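**Student:** The following file, entry_24.txt, comprises compact mmCIF, C-alpha atoms:
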```txt
# COMPACT_ATOMS: atom_id res chain seq x y z
CA MET A 1 38.18 16.96 32.62
CA GLU A 2 35.21 14.83 33.72
CA ARG A 3 35.24 11.36 32.29
CA LYS A 4 32.28 10.41 30.06
CA LYS A 5 29.83 7.76 31.20
CA LEU A 6 30.34 4.46 29.39
CA VAL A 7 27.24 2.82 27.90
CA ASP A 8 26.71 -0.33 25.81
CA ILE A 9 25.67 1.48 22.61
CA LEU A 10 25.73 5.12 21.55
CA ILE A 11 23.84 6.08 18.40
CA LYS A 12 25.24 9.46 17.40
CA ASP A 13 23.96 12.47 15.51
CA ILE A 14 20.89 11.14 13.72
CA MET A 15 17.33 12.25 13.01
CA VAL A 16 14.85 10.82 15.54
CA LEU A 17 11.08 10.27 15.53
CA PRO A 18 10.36 9.37 19.18
CA MET A 19 6.63 8.51 18.67
CA ASP A 20 6.05 9.37 22.32
CA GLY A 21 2.62 10.91 21.91
CA LYS A 22 3.95 14.24 20.69
CA VAL A 23 4.22 14.95 16.97
CA ARG A 24 7.87 15.91 17.13
CA PHE A 25 11.09 15.44 15.22
CA LEU A 26 14.66 15.69 16.52
CA LYS A 27 16.96 16.89 13.75
CA ASN A 28 20.32 16.01 15.28
CA ALA A 29 20.15 13.76 18.35
CA SER A 30 21.86 10.81 19.94
CA ILE A 31 20.56 7.79 21.85
CA ALA A 32 22.47 6.17 24.73
CA ILE A 33 21.62 2.53 25.47
CA ASP A 34 22.74 0.57 28.51
CA GLY A 35 21.49 -2.61 30.12
CA GLY A 36 18.92 -3.07 27.37
CA ARG A 37 17.22 0.29 27.95
CA ILE A 38 17.42 3.85 26.66
CA VAL A 39 19.25 5.89 29.30
CA ALA A 40 19.47 9.19 27.41
CA LEU A 41 17.98 10.78 24.31
CA GLY A 42 19.10 14.15 23.01
CA ASP A 43 22.61 15.57 22.81
CA CYS A 44 24.14 12.74 24.95
CA VAL A 45 27.46 14.60 25.09
CA GLU A 46 28.28 13.07 28.48
CA TYR A 47 28.17 9.48 27.15
CA GLU A 48 30.64 7.26 25.36
CA GLY A 49 29.66 3.94 23.81
CA ARG A 50 31.38 0.60 23.98
CA GLU A 51 29.94 0.43 20.49
CA THR A 52 29.13 3.59 18.55
CA ILE A 53 26.81 3.78 15.55
CA THR A 54 27.01 6.76 13.21
CA LEU A 55 24.90 7.14 10.09
CA ASP A 56 25.24 10.24 7.94
CA ARG A 57 21.60 10.32 6.84
CA GLY A 58 20.25 8.10 9.60
CA VAL A 59 16.70 8.13 10.97
CA ALA A 60 15.77 6.35 14.20
CA ILE A 61 12.24 5.25 15.04
CA PRO A 62 10.86 2.76 17.57
CA GLY A 63 11.11 -0.81 16.33
CA LEU A 64 8.13 -1.74 14.15
CA ILE A 65 5.44 -4.03 15.57
CA ASN A 66 3.83 -6.65 13.33
CA ALA A 67 0.66 -7.42 15.27
CA HIS A 68 -0.65 -10.32 13.19
CA THR A 69 1.19 -12.93 11.18
CA HIS A 70 1.50 -16.67 10.69
CA GLN A 71 5.07 -17.93 10.34
CA THR A 72 4.41 -19.97 7.22
CA LEU A 73 7.03 -21.64 5.05
CA THR A 74 5.50 -21.39 1.59
CA ARG A 75 4.57 -18.43 -0.61
CA GLY A 76 3.79 -17.78 -4.23
CA ILE A 77 2.02 -21.10 -4.85
CA CYS A 78 -1.66 -21.87 -5.48
CA GLU A 79 -2.50 -18.21 -5.70
CA ASP A 80 -5.62 -16.23 -6.68
CA LEU A 81 -8.24 -18.19 -4.77
CA PRO A 82 -11.17 -16.88 -2.70
CA LEU A 83 -10.72 -17.17 1.07
CA GLN A 84 -12.82 -20.25 1.81
CA ALA A 85 -11.40 -22.25 -1.11
CA TRP A 86 -7.91 -21.03 -0.22
CA LEU A 87 -8.36 -22.19 3.39
CA GLU A 88 -9.82 -25.59 2.48
CA LYS A 89 -7.61 -26.44 -0.51
CA ILE A 90 -4.31 -24.85 0.53
CA CYS A 91 -4.03 -23.63 4.10
CA PHE A 92 -5.59 -26.45 6.08
CA PRO A 93 -3.73 -29.23 4.17
CA LEU A 94 -0.45 -27.34 4.61
CA ASP A 95 -1.21 -26.62 8.29
CA ALA A 96 -1.84 -30.30 8.97
CA ALA A 97 1.42 -31.33 7.26
CA TYR A 98 3.82 -29.17 9.29
CA ASP A 99 6.15 -30.97 11.66
CA GLU A 100 8.44 -29.31 14.20
CA GLU A 101 11.42 -29.15 11.86
CA ASP A 102 9.32 -27.49 9.14
CA MET A 103 8.21 -24.95 11.74
CA ARG A 104 11.76 -24.30 12.88
CA VAL A 105 12.79 -23.49 9.30
CA ALA A 106 9.65 -21.40 8.73
CA SER A 107 10.19 -19.36 11.88
CA LEU A 108 13.83 -18.75 10.95
CA LEU A 109 12.75 -17.49 7.52
CA ASN A 110 10.03 -15.25 8.93
CA GLN A 111 12.16 -13.80 11.70
CA LEU A 112 15.03 -13.20 9.30
CA GLU A 113 12.71 -11.23 7.02
CA MET A 114 11.24 -9.28 9.91
CA ILE A 115 14.62 -8.33 11.37
CA LYS A 116 15.77 -7.15 7.94
CA GLY A 117 12.61 -5.06 7.71
CA GLY A 118 13.09 -3.34 11.07
CA ILE A 119 10.36 -5.31 12.87
CA THR A 120 11.34 -5.86 16.48
CA THR A 121 8.10 -7.35 17.86
CA PHE A 122 5.61 -9.70 16.23
CA VAL A 123 2.46 -11.67 17.02
CA ASP A 124 2.41 -15.20 15.62
CA ILE A 125 -0.71 -17.38 15.49
CA TYR A 126 0.31 -20.67 13.94
CA ARG A 127 1.62 -24.20 14.39
CA HIS A 128 4.18 -25.78 16.79
CA PRO A 129 4.39 -22.71 19.03
CA ALA A 130 7.19 -24.05 21.24
CA VAL A 131 9.47 -24.15 18.19
CA ALA A 132 8.47 -20.59 17.22
CA ALA A 133 9.25 -19.44 20.76
CA GLU A 134 12.62 -21.20 20.80
CA THR A 135 13.55 -19.52 17.52
CA ALA A 136 12.66 -16.08 18.90
CA ILE A 137 14.85 -16.75 21.93
CA LYS A 138 17.77 -17.45 19.58
CA THR A 139 17.16 -14.65 17.07
CA GLY A 140 16.66 -12.01 19.75
CA MET A 141 13.19 -10.93 18.64
CA ARG A 142 10.39 -9.82 20.93
CA ALA A 143 7.51 -12.21 20.28
CA VAL A 144 3.91 -12.79 21.26
CA ILE A 145 3.20 -16.43 20.42
CA SER A 146 -0.49 -17.32 20.35
CA PRO A 147 -0.84 -20.96 19.24
CA GLN A 148 -3.41 -21.42 16.48
CA VAL A 149 -5.96 -23.57 18.27
CA ILE A 150 -8.46 -25.09 15.83
CA ASP A 151 -11.34 -27.41 16.72
CA ILE A 152 -12.87 -27.76 13.25
CA PRO A 153 -11.46 -29.47 11.22
CA ALA A 154 -9.51 -31.48 13.77
CA GLY A 155 -5.79 -31.98 13.29
CA VAL A 156 -4.92 -28.81 11.37
CA GLY A 157 -4.08 -26.69 14.40
CA GLU A 158 -3.09 -26.88 18.05
CA THR A 159 -5.25 -27.98 20.97
CA PHE A 160 -6.07 -25.81 23.94
CA GLN A 161 -4.15 -28.18 26.21
CA HIS A 162 -1.04 -27.74 24.07
CA ASN A 163 -1.49 -23.97 24.22
CA LEU A 164 -1.58 -24.19 28.01
CA GLU A 165 1.54 -26.36 28.12
CA VAL A 166 3.45 -23.92 25.90
CA PHE A 167 2.37 -21.05 28.14
CA GLN A 168 3.67 -22.88 31.20
CA GLY A 169 6.96 -23.71 29.47
CA TYR A 170 7.83 -20.54 27.55
CA HIS A 171 6.01 -17.48 28.89
CA ASN A 172 8.50 -14.70 29.73
CA LYS A 173 11.47 -16.71 28.45
CA GLY A 174 14.30 -15.09 26.49
CA HIS A 175 14.93 -12.49 29.21
CA GLY A 176 11.23 -11.60 29.12
CA ARG A 177 11.06 -11.10 25.35
CA VAL A 178 8.81 -14.09 24.64
CA HIS A 179 5.18 -13.87 25.69
CA ILE A 180 2.69 -16.70 25.28
CA TRP A 181 -0.95 -15.81 24.69
CA PHE A 182 -4.01 -17.94 24.06
CA GLY A 183 -4.78 -18.22 20.35
CA VAL A 184 -8.22 -19.20 19.07
CA HIS A 185 -8.36 -19.30 15.28
CA ALA A 186 -11.88 -18.02 14.49
CA PRO A 187 -15.56 -18.43 15.39
CA TYR A 188 -16.15 -20.68 12.36
CA SER A 189 -13.29 -23.04 13.32
CA ASN A 190 -13.65 -23.08 17.11
CA LYS A 191 -16.27 -24.00 19.68
CA MET A 192 -17.47 -21.47 22.24
CA GLU A 193 -16.08 -23.77 24.92
CA THR A 194 -12.57 -23.16 23.57
CA TYR A 195 -13.07 -19.38 23.55
CA LYS A 196 -14.24 -19.52 27.15
CA LEU A 197 -11.21 -21.54 28.22
CA ALA A 198 -8.89 -19.12 26.42
CA LYS A 199 -10.49 -16.04 27.96
CA GLU A 200 -10.59 -17.58 31.45
CA HIS A 201 -6.89 -18.48 31.36
CA ALA A 202 -5.85 -15.19 29.76
CA ASP A 203 -7.64 -13.26 32.50
CA ARG A 204 -6.13 -15.47 35.19
CA TYR A 205 -2.55 -15.10 33.97
CA GLY A 206 -2.68 -11.49 32.76
CA VAL A 207 -2.05 -12.20 29.08
CA GLY A 208 -4.06 -11.85 25.87
CA VAL A 209 -6.33 -13.75 23.50
CA HIS A 210 -5.74 -13.48 19.76
CA THR A 211 -8.33 -14.48 17.16
CA HIS A 212 -9.57 -13.82 13.63
CA LEU A 213 -12.93 -12.08 13.54
CA SER A 214 -15.46 -11.06 10.87
CA GLU A 215 -12.96 -11.31 8.02
CA THR A 216 -15.37 -12.06 5.15
CA ARG A 217 -18.96 -11.33 4.20
CA ASN A 218 -19.71 -15.08 3.91
CA GLU A 219 -18.47 -15.65 7.46
CA VAL A 220 -20.73 -12.95 8.86
CA ASP A 221 -23.75 -13.94 6.75
CA SER A 222 -23.49 -17.56 7.88
CA TRP A 223 -23.43 -16.39 11.52
CA LEU A 224 -26.45 -14.16 11.02
CA GLU A 225 -28.32 -17.07 9.48
CA LYS A 226 -27.26 -19.61 12.12
CA TYR A 227 -27.34 -17.51 15.30
CA LYS A 228 -29.30 -14.40 14.30
CA MET A 229 -26.32 -12.32 15.40
CA SER A 230 -22.90 -11.30 14.12
CA PRO A 231 -19.68 -13.05 15.21
CA VAL A 232 -18.84 -9.95 17.29
CA GLU A 233 -22.21 -10.15 19.07
CA TRP A 234 -21.77 -13.92 19.52
CA LEU A 235 -18.47 -13.47 21.33
CA HIS A 236 -19.74 -10.49 23.30
CA GLN A 237 -22.81 -12.21 24.70
CA GLU A 238 -20.58 -14.93 26.14
CA GLY A 239 -18.18 -12.43 27.75
CA ILE A 240 -15.23 -13.19 25.49
CA LEU A 241 -14.36 -9.68 24.29
CA GLY A 242 -12.32 -7.31 26.43
CA ASP A 243 -9.22 -5.16 26.68
CA ASN A 244 -6.94 -8.22 26.50
CA VAL A 245 -8.48 -9.48 23.24
CA LEU A 246 -6.75 -8.74 19.93
CA ALA A 247 -9.06 -9.35 16.96
CA ALA A 248 -7.56 -9.60 13.48
CA HIS A 249 -9.35 -8.22 10.40
CA CYS A 250 -12.82 -7.03 11.58
CA VAL A 251 -13.66 -6.16 7.97
CA HIS A 252 -17.41 -6.83 7.94
CA ILE A 253 -18.67 -5.19 11.09
CA SER A 254 -21.81 -3.16 11.70
CA ASP A 255 -22.24 0.03 13.67
CA GLU A 256 -23.50 -2.14 16.53
CA ASP A 257 -20.36 -4.28 16.31
CA ILE A 258 -18.19 -1.16 16.45
CA GLU A 259 -19.99 -0.02 19.59
CA ILE A 260 -19.38 -3.41 21.20
CA LEU A 261 -15.67 -3.36 20.31
CA ALA A 262 -15.38 0.18 21.68
CA GLU A 263 -17.28 -0.49 24.90
CA THR A 264 -15.32 -3.68 25.65
CA LYS A 265 -12.00 -2.00 24.71
CA THR A 266 -11.22 -4.89 22.37
CA LYS A 267 -8.17 -4.21 20.17
CA VAL A 268 -8.25 -4.61 16.38
CA VAL A 269 -5.48 -5.52 13.93
CA TYR A 270 -5.72 -4.04 10.44
CA ASN A 271 -4.39 -6.32 7.64
CA PRO A 272 -4.93 -4.32 4.44
CA SER A 273 -2.78 -6.31 1.98
CA SER A 274 -4.26 -9.65 3.00
CA ASN A 275 -7.79 -8.24 2.91
CA MET A 276 -7.21 -6.91 -0.62
CA LYS A 277 -5.55 -10.05 -1.95
CA LEU A 278 -8.30 -12.33 -0.67
CA ALA A 279 -10.98 -9.83 -1.72
CA ALA A 280 -12.27 -9.73 1.84
CA GLY A 281 -12.95 -6.00 1.76
CA VAL A 282 -11.79 -2.84 3.51
CA ALA A 283 -11.95 -2.72 7.31
CA PRO A 284 -13.73 0.42 8.66
CA ILE A 285 -10.62 1.60 10.48
CA THR A 286 -11.45 5.30 10.61
CA ARG A 287 -14.88 4.53 12.11
CA LEU A 288 -13.29 2.28 14.71
CA GLN A 289 -10.73 4.95 15.58
CA ALA A 290 -13.46 7.57 15.85
CA ARG A 291 -15.03 5.43 18.59
CA GLY A 292 -11.72 5.09 20.40
CA VAL A 293 -10.85 1.53 19.36
CA GLU A 294 -7.08 1.09 19.33
CA ILE A 295 -5.72 -0.18 16.03
CA ALA A 296 -2.54 -2.18 15.39
CA VAL A 297 -1.31 -3.28 11.97
CA GLY A 298 -0.15 -6.71 10.79
CA THR A 299 1.19 -8.14 7.57
CA ASP A 300 -0.62 -11.49 7.89
CA SER A 301 1.33 -14.38 6.35
CA HIS A 302 3.45 -15.11 3.29
CA LEU A 303 0.43 -16.97 1.92
CA SER A 304 -1.81 -13.92 1.82
CA ASN A 305 0.45 -10.89 1.46
CA ASN A 306 3.21 -12.10 0.24
CA ASN A 307 5.84 -10.24 2.26
CA LEU A 308 6.42 -8.97 5.80
CA ASP A 309 7.23 -5.36 4.93
CA MET A 310 5.51 -3.28 7.61
CA LEU A 311 6.15 0.07 5.92
CA GLU A 312 4.43 -1.25 2.80
CA GLU A 313 1.56 -2.41 5.00
CA LEU A 314 1.22 0.99 6.65
CA ARG A 315 1.29 2.77 3.30
CA THR A 316 -1.24 0.40 1.73
CA GLY A 317 -3.50 0.72 4.75
CA ALA A 318 -3.46 4.50 4.56
CA PHE A 319 -4.21 4.54 0.82
CA LEU A 320 -7.14 2.15 1.28
CA GLN A 321 -8.71 4.27 4.00
CA LYS A 322 -8.32 7.44 1.95
CA LEU A 323 -9.99 5.76 -1.02
CA ALA A 324 -12.74 4.01 0.93
CA ASN A 325 -13.65 7.21 2.78
CA ASN A 326 -13.21 9.49 -0.22
CA ASP A 327 -11.04 11.58 2.07
CA ALA A 328 -7.38 12.30 1.37
CA ALA A 329 -6.96 13.42 4.99
CA ALA A 330 -7.92 10.01 6.40
CA MET A 331 -5.17 8.23 8.39
CA PRO A 332 -2.59 11.04 8.66
CA VAL A 333 1.04 9.95 8.81
CA TYR A 334 1.59 10.28 12.57
CA ASP A 335 -1.47 8.18 13.45
CA ASN A 336 -0.47 5.67 10.79
CA LEU A 337 3.11 5.25 12.03
CA ALA A 338 1.78 5.10 15.60
CA SER A 339 -0.32 2.05 14.69
CA GLY A 340 2.93 0.27 13.77
CA THR A 341 4.79 1.48 16.87
CA ILE A 342 3.33 2.90 20.11
CA THR A 343 -0.35 2.08 19.50
CA GLY A 344 0.63 -1.40 18.33
CA ALA A 345 2.64 -1.84 21.54
CA ARG A 346 -0.35 -0.81 23.65
CA CYS A 347 -2.54 -3.30 21.81
CA LEU A 348 -0.12 -6.03 22.92
CA GLY A 349 0.05 -4.80 26.51
CA LEU A 350 3.70 -3.79 25.94
CA GLY A 351 3.32 -0.01 25.79
CA GLU A 352 5.17 0.60 29.06
CA ASN A 353 8.31 -1.05 27.70
CA THR A 354 8.39 -0.54 23.95
CA GLY A 355 6.73 1.26 21.04
CA SER A 356 8.35 4.68 21.56
CA LEU A 357 11.83 6.09 22.09
CA GLU A 358 11.83 7.36 25.69
CA VAL A 359 14.30 7.22 28.55
CA GLY A 360 13.65 4.12 30.62
CA LYS A 361 12.05 2.09 27.86
CA LYS A 362 13.51 -1.01 26.26
CA ALA A 363 15.86 -0.17 23.41
CA ASP A 364 13.86 -1.54 20.47
CA ILE A 365 15.06 0.72 17.65
CA THR A 366 15.02 0.68 13.86
CA LEU A 367 17.59 2.79 11.99
CA TYR A 368 16.95 3.79 8.37
CA ASP A 369 19.51 4.98 5.85
CA PHE A 370 18.07 7.90 3.88
CA LYS A 371 20.81 7.99 1.24
CA GLU A 372 18.67 6.43 -1.53
CA PRO A 373 17.17 8.67 -4.25
CA HIS A 374 13.57 7.74 -3.42
CA LEU A 375 14.04 9.40 0.00
CA TRP A 376 15.19 12.79 -1.29
CA PRO A 377 14.82 15.71 -0.91
CA ILE A 378 14.91 15.77 2.88
CA TYR A 379 13.44 18.77 4.68
CA SER A 380 14.64 18.71 8.27
CA GLY A 381 13.62 22.15 9.46
CA GLU A 382 10.18 23.35 10.48
CA TRP A 383 8.80 21.76 7.31
CA ASN A 384 10.36 18.33 7.92
CA ASN A 385 9.17 15.44 5.76
CA VAL A 386 10.98 12.51 7.38
CA MET A 387 7.85 10.79 8.65
CA GLU A 388 6.17 11.29 5.28
CA HIS A 389 9.13 9.63 3.57
CA LEU A 390 8.88 6.64 5.90
CA ILE A 391 5.19 6.08 5.26
CA TYR A 392 4.95 7.02 1.58
CA SER A 393 8.40 6.28 0.12
CA ALA A 394 10.53 3.95 2.24
CA SER A 395 10.52 0.16 2.38
CA ALA A 396 12.03 -2.70 4.35
CA SER A 397 15.20 -2.57 2.25
CA ASP A 398 15.99 0.91 3.63
CA VAL A 399 16.56 -0.47 7.13
CA HIS A 400 20.23 -0.20 8.11
CA THR A 401 20.27 -1.45 11.72
CA THR A 402 17.80 -3.27 13.97
CA ILE A 403 18.23 -3.18 17.76
CA ILE A 404 16.07 -5.29 20.09
CA ASP A 405 16.24 -5.21 23.87
CA GLY A 406 19.43 -3.20 23.62
CA LYS A 407 21.16 -5.80 21.41
CA ILE A 408 22.18 -5.19 17.81
CA VAL A 409 20.60 -8.00 15.78
CA MET A 410 21.31 -6.43 12.37
CA LYS A 411 23.91 -3.83 11.44
CA ASN A 412 24.48 -2.41 7.97
CA ARG A 413 22.02 -5.01 6.57
CA GLN A 414 24.00 -7.92 8.08
CA VAL A 415 21.87 -10.04 10.43
CA LEU A 416 23.99 -11.14 13.37
CA THR A 417 21.74 -13.74 15.01
CA ILE A 418 20.79 -15.89 12.01
CA ASP A 419 22.88 -17.66 9.37
CA GLU A 420 21.13 -16.11 6.40
CA GLU A 421 22.60 -18.30 3.65
CA GLY A 422 22.03 -21.42 5.73
CA VAL A 423 18.36 -20.53 6.12
CA TYR A 424 17.81 -20.27 2.36
CA SER A 425 19.02 -23.79 1.66
CA LEU A 426 16.86 -25.19 4.47
CA VAL A 427 13.81 -23.32 3.19
CA GLN A 428 14.15 -24.71 -0.33
CA LYS A 429 14.34 -28.27 0.95
CA HIS A 430 11.58 -28.11 3.55
CA ALA A 431 9.13 -26.04 1.49
CA HIS A 432 9.25 -28.55 -1.34
CA GLU A 433 8.82 -31.50 1.02
CA LEU A 434 5.98 -29.77 2.86
CA CYS A 435 4.02 -29.34 -0.37
CA LYS A 436 4.49 -33.02 -1.13
CA LYS A 437 3.32 -34.07 2.33
CA SER A 438 0.27 -31.84 2.13
CA ASP A 439 -0.72 -33.23 -1.29
CA ILE A 440 -1.26 -29.83 -2.89
CA GLU A 441 1.17 -30.50 -5.77
CA SER A 442 -1.76 -31.23 -8.05
CA ASP A 443 -2.92 -27.61 -7.75
CA GLN A 444 0.27 -26.17 -9.21
CA LYS A 445 3.32 -27.57 -10.91
CA LEU A 446 6.27 -27.32 -8.53
```
Let's see the structure in the file written out as structure tokens.

**Tutor:**
Amino acid sequence: MERKKLVDILIKDIMVLPMDGKVRFLKNASIAIDGGRIVALGDCVEYEGRETITLDRGVAIPGLINAHTHQTLTRGICEDLPLQAWLEKICFPLDAAYDEEDMRVASLLNQLEMIKGGITTFVDIYRHPAVAAETAIKTGMRAVISPQVIDIPAGVGETFQHNLEVFQGYHNKGHGRVHIWFGVHAPYSNKMETYKLAKEHADRYGVGVHTHLSETRNEVDSWLEKYKMSPVEWLHQEGILGDNVLAAHCVHISDEDIEILAETKTKVVYNPSSNMKLAAGVAPITRLQARGVEIAVGTDSHLSNNNLDMLEELRTGAFLQKLANNDAAAMPVYDNLASGTITGARCLGLGENTGSLEVGKKADITLYDFKEPHLWPIYSGEWNNVMEHLIYSASASDVHTTIIDGKIVMKNRQVLTIDEEGVYSLVQKHAHELCKKSDIESDQKL
């Protein structure tokens, strides 16, 4: 009898949504993982795992990709403010008050929540990026760290020089899981000189630029008044936009802006919950997609969401597009899930390694347990409804196991790379102290 090939992990007899460009569903399949990569997908009868995972009603999908967030420490305070007042009264004072230890605790909290929600890759644009990168190295997450460089007002963000130093110190660390990009906060908070430096260095080193763009009507109106052009046109005329630029929000954009984004192959991140909460509006996602613009999805931060549940974000985003377009067929489930997996990976320049379940790709896998009543009945034949359940019924709490780079970082809801209870006590202490340092206590009793 021929001996079976030994692999690091064998996931046996589960339902699989490969998200490999074909709308297909595998009813009873296995996944063999070795050396951090998927080596077989299908019956896998010739493999035996050093560790074997079986899940009676298990569903495997590619690890979710959160393409825009800020690893903040606080949430649920000083709520219900319009964007500009929220930025000036809450965000900027908090941003300025963060020290490295606050950021370490914040990044632990955020990455703990993301791992528990099946997110395997995230884009962070925030403070003290070296600390965020170090945390990702320890937690096992795949991370794109784009330091939040802010020129105006001074002192509430990073400098371009610091961004460059972090790139030189941390890019491709953590066995290649940590990527450092160039992060420029927004046109209204940065000089064109900073955008040009970011784009020049991103092009030189083969990485990306991440920025906020055209999030609110006031932002766009002020640009039209000041420059006689939109923020999208302003960046385009200076050669900033391109296929390595990831623009968050893009809510208030014209037909001309959409053409520019399409022609330059600029990527867009849809943040529906944040846009609703801050009353920014509804991004014209279906119009962007119709012009071939690739769309990723992000939760944004605890301050403007208030959670990092990517399935909730995908569901909310789909509902908004259906309502805004008066079209129940807008954003069908496969395209929607793709924006949180394979399309999201392409937007980050990671599509060759992650975003779908295919032989040869990195083993970034999220396993769901479909035993809960809100995920029944399950049709697994020709009329299967597994993807529909994920988008319209499931949530972060249904994640059973999270695998990143071929390593199990959570199994049966137990996170293996973070001391969960220890994080909670640190968060309570540092969040309270951060509010005191930032002098926002007067806005809400703590």

**Student:** At a cut-off of 6 Å, using only C-alpha atoms, what residues contact region 18-27 of chain A? Leave out same-chain residues fewer than 3 positions from it and give the result as a PDB file with C-alpha atoms, in the frame of the given file.

**Tutor:**
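Full text of around-v4.pdb as output:
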```pdb
ATOM      1  CA  MET A  15      17.330  12.250  13.010  1.00  0.00           C
ATOM      2  CA  SER A 356       8.350   4.680  21.560  1.00  0.00           C
ATOM      3  CA  LEU A 357      11.830   6.090  22.090  1.00  0.00           C
TER       4      LEU A 357
END
```

**Student:** Quick one: everything within 12 Å of Phe370 (chain A), counting all atoms listed in the file, minus sequence neighbours fewer than 5 positions away in the same chain. Send it as a list of chain:residue names.

**Tutor:**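 Here the answer would be A:Ile14, A:Met15, A:Leu55, A:Asp56, A:Arg57, A:Gly58, A:Val59, A:Ala60, A:Leu375, A:Trp376, A:Pro377, A:Ile378, A:Tyr379, A:Asn385, A:Val386, A:Met387, A:His389, A:Leu390, A:Ser393, A:Ala394, A:Ser395, A:Ser397, A:Asp398, A:Val399, A:His400.
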
**Student:** Mind checking which residues fall within 9 Å of Ala29 (chain A), counting only C-alpha atoms, ignoring those fewer than 4 positions away in the same chain, and posting them as a ChimeraX atom specification?

**Tutor:** /A:11-16,41-44

**Student:** Which is closer to Ile65 (chain A) than all the others in A:Ile125, A:Val415, A:Ile403, A:Val297, using only C-alpha atoms?

**Tutor:**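 Counting only C-alpha atoms, the residue closest to Ile65 (chain A) is A:Val297.
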
**Student:** I'd like the box whose edges run along x, y and z of the file and which contains every listed atom of region 428-433 of chain A, padded by 5 Å per side; could you state its centre and edge lengths in Å, one decimal, as JSON?

**Tutor:**
```
{"center_x": 11.6, "center_y": -28.1, "center_z": 1.1, "size_x": 15.5, "size_y": 16.8, "size_z": 14.9}
```

**Student:** Expressed in Å to a single decimal, how great is the separation between CA of Ser273 (chain A) and CA of Tyr334 (chain A)?

**Tutor:**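 Separation of CA of Ser273 (chain A) and CA of Tyr334 (chain A): 20.2 Å.
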
**Student:** How many Å separate CA of Leu109 (chain A) from CA of Glu420 (chain A)?

**Tutor:** 8.6 Å
